[in-house]
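Presented below is the structure to which this report refers.
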Amino acid sequence: MHIGLNAHLLSLSRDYRGAGINSYIYQLLHNLGQVNSGHCYSVFLSERRFFDKRLRLHYSRWPTHRPVIRILWEQLVQPIALRQAGVDLLHAMAFAGPLVAPCPFVVTIYDLSFLHFPAAFRPWNRWYLSYFTALSARRAQRIIAISQSTKRDVVNMLGVPPDRIDVAYCGVDKIFHPLPVVEVTRFRKERALPDRFILFLGTLEPRKNVLQLIRAYGRWRKAEADIPKLVIAGGKGWYYDQIFAEVESLGLTGEVIFPGYVVQEELPYWYNAADLFVYPSRFEGFGLPVLEAMACGKPVVTSNVASLPEVAGDAALLVSPDDETQLLEAMQRGLNDKTLRQEMMAKGRARAATFTWANTAHKTIDAYARALGIETAGGEK
């Protein structure tokens, strides 16, 4: 097969655009190149800092980091580029395929948060994602979902038959593992971090439920003075102002630290330096930070909704994202119960080891084959 991949959302920038979906695209591209499948991959992108000699890279001169320009490229230029490259199948790597395509296509749908929580999105983003995702889901040969939770949503909310949807879980990069104490101690000193802290890591936006985390932490700090500080790391998304306002209103300015966006190569150090990782998101298509923290040997507290129980299994403490008291008590247990911590750390590392990007690539290639009616290794079409 000659597969074309629309990777115009790929960004190697050291800001929030380099997080989230970007990690999936980056890892999948590299791992598709590593799999000896016999297929040819043409990648369409504008990020010129990305290079992989095993892939055919078609760089665009269009500034597709700007959403409107990217949409215009996808709908006007992409069909011509696919025809010129002689592509058999297109992989639309983020929600939307072209309205006019010279070949069949598959589309990756990460989540339907814009339908679950429309008020958390700017009107233009909400309209674009709602309209083009639904249209692409109806027209695509196959849909790739990153969790069973997302698959259920696509079936229930977009009306797609389940037999047209393939699930390909995300993987955990090999850079995430326990680091030597000396290295972690040096990192803390370089970043002026406290010896003990609780970590949240993710884009600062309403869906991540950071306000609930701050309120629960504020109650804990009010009851006990000697508790670790709270570090809320991540780039600013939308509607983030209320997060900083909440910290100020609760008198936590000196207790809550905002280091900003964390670059990929530093993430293992942040996880390793923390005593506890807390991720109380209201909704996730997958929730990769949960597995990354587990792979680094850290106890995790996360939500019991959407894909998060599916990802965490029995290796994390699961709480309702709407229950502030439950979140507070889980943080206290995860920090203070030594026996529970050891159990969670062992289970977490074992759990994270089962999610690999190589497996993601193989599942994706199987989806390509089914889209073109080719039998997979398992004998399926």
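Chain identifiers are assigned as A, B, and so on, following the order in which chains appear in the structure tokens; residues are numbered from 1 within each chain, and ligands are numbered from 1 in order of appearance.
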
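Residues in contact with stretch 160-173 of chain A at 6 Å, where only C-alpha atoms are counted and same-chain residues fewer than 5 positions away are skipped, are listed as A:Arg142, A:Ile143, A:Ile144, A:Ala145, A:Ile146, A:Ser147, A:Val155, A:Phe355, A:Thr356, A:Trp357, A:Thr360, A:Lys363.
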
Mind listing the strand (DSSP E or B) residues of stretch 94-236 of chain A, per DSSP on the backbone, as a PyMOL selection string?
-> chain A and resi 105-109+142-145+165-167+197-201+204+229-233+236

Near A:Ile21, counting only C-alpha atoms, which residues have an atom at most 10 Å away, once you skip same-chain residues fewer than 3 positions from it, shown as a PyMOL selection string?
-> chain A and resi 9-11+17-18+24-26+93-94+110

Within 10 Å of stretch 34-43 of chain A, counting only C-alpha atoms, which residues qualify if same-chain residues fewer than 6 places away don't, as a PyMOL selection string?
-> chain A and resi 1-8+28+52+54-59+82+85-91+358-359+361-362+365

Find the distance between atom CA of A:Glu190 and atom CA of A:Gln264 and write it in Å to one decimal.
-> 17.1 Å

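Using only C-alpha atoms, the shortest contact distance between A:Ala233 and any of A:Ala245, A:Leu252, A:Val263, A:Leu318 is found at A:Val263.
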
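Note that the spacing between atom CA of A:Trp270 and atom CA of A:Arg207 amounts to 22.0 Å.
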
Counting only C-alpha atoms, what is within 12 Å of A:Val311, bar same-chain residues fewer than 4 positions away, as a PyMOL selection string?
-> chain A and resi 146-149+169-172+284-292+294+300+302-307+315-316+318+348+351-355

Selected residue of minimal separation from A:Gln84 among A:Pro102, A:Lys236, A:Thr185, A:Ala140, counting only C-alpha atoms = A:Pro102

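The closest residue to A:Pro180, picked from A:Ala273, A:Val319, A:Leu201, A:Ala137 and counting only C-alpha atoms, is A:Ala273.
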
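Non-sequential neighbours of A:Pro280 (distance at most 8 Å, separation of 3 or more positions within a chain, only C-alpha atoms) are A:Lys208, A:Asn209, A:Val210, A:Gln212, A:Leu213, A:Val301, A:Thr302, A:Ser303, A:Val319, A:Pro321, A:Leu327.
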
Near A:Ala274, counting only C-alpha atoms, which residues have an atom at most 10 Å away, once you skip same-chain residues fewer than 5 positions from it, shown as a VMD selection string?
-> chain A and resid 184 188 193 to 200 228 230 to 231 269 293 296 298 to 299

Keeping only C-alpha atoms, write the selected residues to a file as a compact mmCIF listing (two decimals), in the first residue's frame.
```txt
# COMPACT_ATOMS: atom_id res chain seq x y z
CA VAL A 184 16.40 13.93 39.94
CA ARG A 188 15.03 19.89 41.43
CA LEU A 193 11.58 22.94 43.04
CA PRO A 194 10.67 21.93 46.60
CA ASP A 195 11.87 18.57 47.91
CA ARG A 196 8.26 17.30 47.94
CA PHE A 197 5.38 18.28 45.66
CA ILE A 198 2.18 17.04 44.06
CA LEU A 199 2.14 17.31 40.26
CA PHE A 200 -0.54 18.00 37.67
CA PRO A 228 3.78 19.39 49.83
CA LEU A 230 1.13 21.79 44.32
CA VAL A 231 2.80 22.13 40.91
CA TYR A 269 12.29 14.58 35.24
CA ALA A 293 3.62 9.05 35.41
CA CYS A 296 8.18 6.75 35.97
CA LYS A 298 4.75 7.42 40.59
CA PRO A 299 1.43 6.81 42.39
```

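Atom CA of A:Gly159 sits 23.3 Å away from atom CA of A:Trp124.
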
Taking the chain letters and numbering used in this document, name the residues of stretch 106-307 of chain A that DSSP puts in alpha helix (DSSP H), as a PyMOL selection string.
-> chain A and resi 113-116+123-139+148-158+181-190+210-223+241-249+267-273+288-295

Produce a file of the selected residues containing C-alpha atoms, as a PDB file, in the first residue's frame.
```
ATOM      1  CA  SER A 113     -15.167  16.439  24.025  1.00  0.00           C
ATOM      2  CA  PHE A 114     -16.557  19.227  21.827  1.00  0.00           C
ATOM      3  CA  LEU A 115     -19.912  17.434  21.913  1.00  0.00           C
ATOM      4  CA  HIS A 116     -19.747  16.469  25.597  1.00  0.00           C
ATOM      5  CA  PRO A 123     -17.674  28.797  19.021  1.00  0.00           C
ATOM      6  CA  TRP A 124     -15.552  28.496  15.874  1.00  0.00           C
ATOM      7  CA  ASN A 125     -13.567  25.494  17.178  1.00  0.00           C
ATOM      8  CA  ARG A 126     -16.761  23.796  18.331  1.00  0.00           C
ATOM      9  CA  TRP A 127     -18.524  24.279  14.997  1.00  0.00           C
ATOM     10  CA  TYR A 128     -15.572  23.127  12.915  1.00  0.00           C
ATOM     11  CA  LEU A 129     -14.892  19.999  14.990  1.00  0.00           C
ATOM     12  CA  SER A 130     -18.576  19.064  15.251  1.00  0.00           C
ATOM     13  CA  TYR A 131     -19.338  19.474  11.562  1.00  0.00           C
ATOM     14  CA  PHE A 132     -16.192  18.033   9.975  1.00  0.00           C
ATOM     15  CA  THR A 133     -15.760  15.159  12.431  1.00  0.00           C
ATOM     16  CA  ALA A 134     -19.328  13.949  11.878  1.00  0.00           C
ATOM     17  CA  LEU A 135     -19.015  14.324   8.103  1.00  0.00           C
ATOM     18  CA  SER A 136     -15.634  12.590   7.972  1.00  0.00           C
ATOM     19  CA  ALA A 137     -16.841   9.743  10.199  1.00  0.00           C
ATOM     20  CA  ARG A 138     -19.678   9.032   7.761  1.00  0.00           C
ATOM     21  CA  ARG A 139     -17.430   9.143   4.690  1.00  0.00           C
ATOM     22  CA  GLN A 148     -12.815   1.944  23.655  1.00  0.00           C
ATOM     23  CA  SER A 149     -14.425   4.955  25.326  1.00  0.00           C
ATOM     24  CA  THR A 150     -13.990   7.054  22.192  1.00  0.00           C
ATOM     25  CA  LYS A 151     -15.258   4.182  20.055  1.00  0.00           C
ATOM     26  CA  ARG A 152     -18.453   4.013  22.131  1.00  0.00           C
ATOM     27  CA  ASP A 153     -18.938   7.748  21.748  1.00  0.00           C
ATOM     28  CA  VAL A 154     -18.478   7.597  17.974  1.00  0.00           C
ATOM     29  CA  VAL A 155     -21.086   4.829  17.802  1.00  0.00           C
ATOM     30  CA  ASN A 156     -23.571   6.508  20.141  1.00  0.00           C
ATOM     31  CA  MET A 157     -23.121  10.174  19.185  1.00  0.00           C
ATOM     32  CA  LEU A 158     -22.206   9.980  15.484  1.00  0.00           C
ATOM     33  CA  VAL A 181      18.159   9.858  42.520  1.00  0.00           C
ATOM     34  CA  VAL A 182      21.237  11.990  41.812  1.00  0.00           C
ATOM     35  CA  GLU A 183      19.805  13.160  38.457  1.00  0.00           C
ATOM     36  CA  VAL A 184      16.399  13.931  39.941  1.00  0.00           C
ATOM     37  CA  THR A 185      17.955  15.860  42.846  1.00  0.00           C
ATOM     38  CA  ARG A 186      20.036  17.914  40.419  1.00  0.00           C
ATOM     39  CA  PHE A 187      16.936  18.669  38.349  1.00  0.00           C
ATOM     40  CA  ARG A 188      15.030  19.886  41.426  1.00  0.00           C
ATOM     41  CA  LYS A 189      17.839  22.269  42.267  1.00  0.00           C
ATOM     42  CA  GLU A 190      18.087  23.563  38.690  1.00  0.00           C
ATOM     43  CA  VAL A 210      -7.807  22.106  37.496  1.00  0.00           C
ATOM     44  CA  LEU A 211     -10.176  24.310  39.500  1.00  0.00           C
ATOM     45  CA  GLN A 212     -11.430  21.258  41.414  1.00  0.00           C
ATOM     46  CA  LEU A 213      -7.841  20.219  42.125  1.00  0.00           C
ATOM     47  CA  ILE A 214      -6.991  23.688  43.457  1.00  0.00           C
ATOM     48  CA  ARG A 215     -10.070  23.736  45.704  1.00  0.00           C
ATOM     49  CA  ALA A 216      -9.361  20.275  47.115  1.00  0.00           C
ATOM     50  CA  TYR A 217      -5.738  21.224  47.721  1.00  0.00           C
ATOM     51  CA  GLY A 218      -6.848  24.477  49.367  1.00  0.00           C
ATOM     52  CA  ARG A 219      -9.013  22.544  51.841  1.00  0.00           C
ATOM     53  CA  TRP A 220      -6.103  20.245  52.630  1.00  0.00           C
ATOM     54  CA  ARG A 221      -3.703  23.154  53.079  1.00  0.00           C
ATOM     55  CA  LYS A 222      -6.208  24.844  55.416  1.00  0.00           C
ATOM     56  CA  ALA A 223      -6.444  21.715  57.587  1.00  0.00           C
ATOM     57  CA  ASP A 241      -7.592  32.964  33.598  1.00  0.00           C
ATOM     58  CA  GLN A 242     -10.009  31.543  36.160  1.00  0.00           C
ATOM     59  CA  ILE A 243      -7.345  29.051  37.297  1.00  0.00           C
ATOM     60  CA  PHE A 244      -4.961  31.819  38.372  1.00  0.00           C
ATOM     61  CA  ALA A 245      -7.834  33.810  39.860  1.00  0.00           C
ATOM     62  CA  GLU A 246      -8.875  30.804  41.989  1.00  0.00           C
ATOM     63  CA  VAL A 247      -5.364  30.390  43.401  1.00  0.00           C
ATOM     64  CA  GLU A 248      -5.294  34.052  44.366  1.00  0.00           C
ATOM     65  CA  SER A 249      -8.793  34.047  45.883  1.00  0.00           C
ATOM     66  CA  LEU A 267       8.806  15.439  31.185  1.00  0.00           C
ATOM     67  CA  PRO A 268      10.455  12.343  32.756  1.00  0.00           C
ATOM     68  CA  TYR A 269      12.287  14.584  35.237  1.00  0.00           C
ATOM     69  CA  TRP A 270       9.091  16.320  36.328  1.00  0.00           C
ATOM     70  CA  TYR A 271       7.304  13.011  36.884  1.00  0.00           C
ATOM     71  CA  ASN A 272      10.297  11.549  38.728  1.00  0.00           C
ATOM     72  CA  ALA A 273      10.686  14.609  40.942  1.00  0.00           C
ATOM     73  CA  LEU A 288      -1.459   9.673  28.256  1.00  0.00           C
ATOM     74  CA  PRO A 289       0.028  11.592  31.249  1.00  0.00           C
ATOM     75  CA  VAL A 290      -1.466   8.938  33.558  1.00  0.00           C
ATOM     76  CA  LEU A 291       0.612   6.213  31.913  1.00  0.00           C
ATOM     77  CA  GLU A 292       3.720   8.395  31.661  1.00  0.00           C
ATOM     78  CA  ALA A 293       3.617   9.047  35.413  1.00  0.00           C
ATOM     79  CA  MET A 294       3.092   5.325  36.097  1.00  0.00           C
ATOM     80  CA  ALA A 295       6.020   4.415  33.854  1.00  0.00           C
TER      81      ALA A 295
END
```
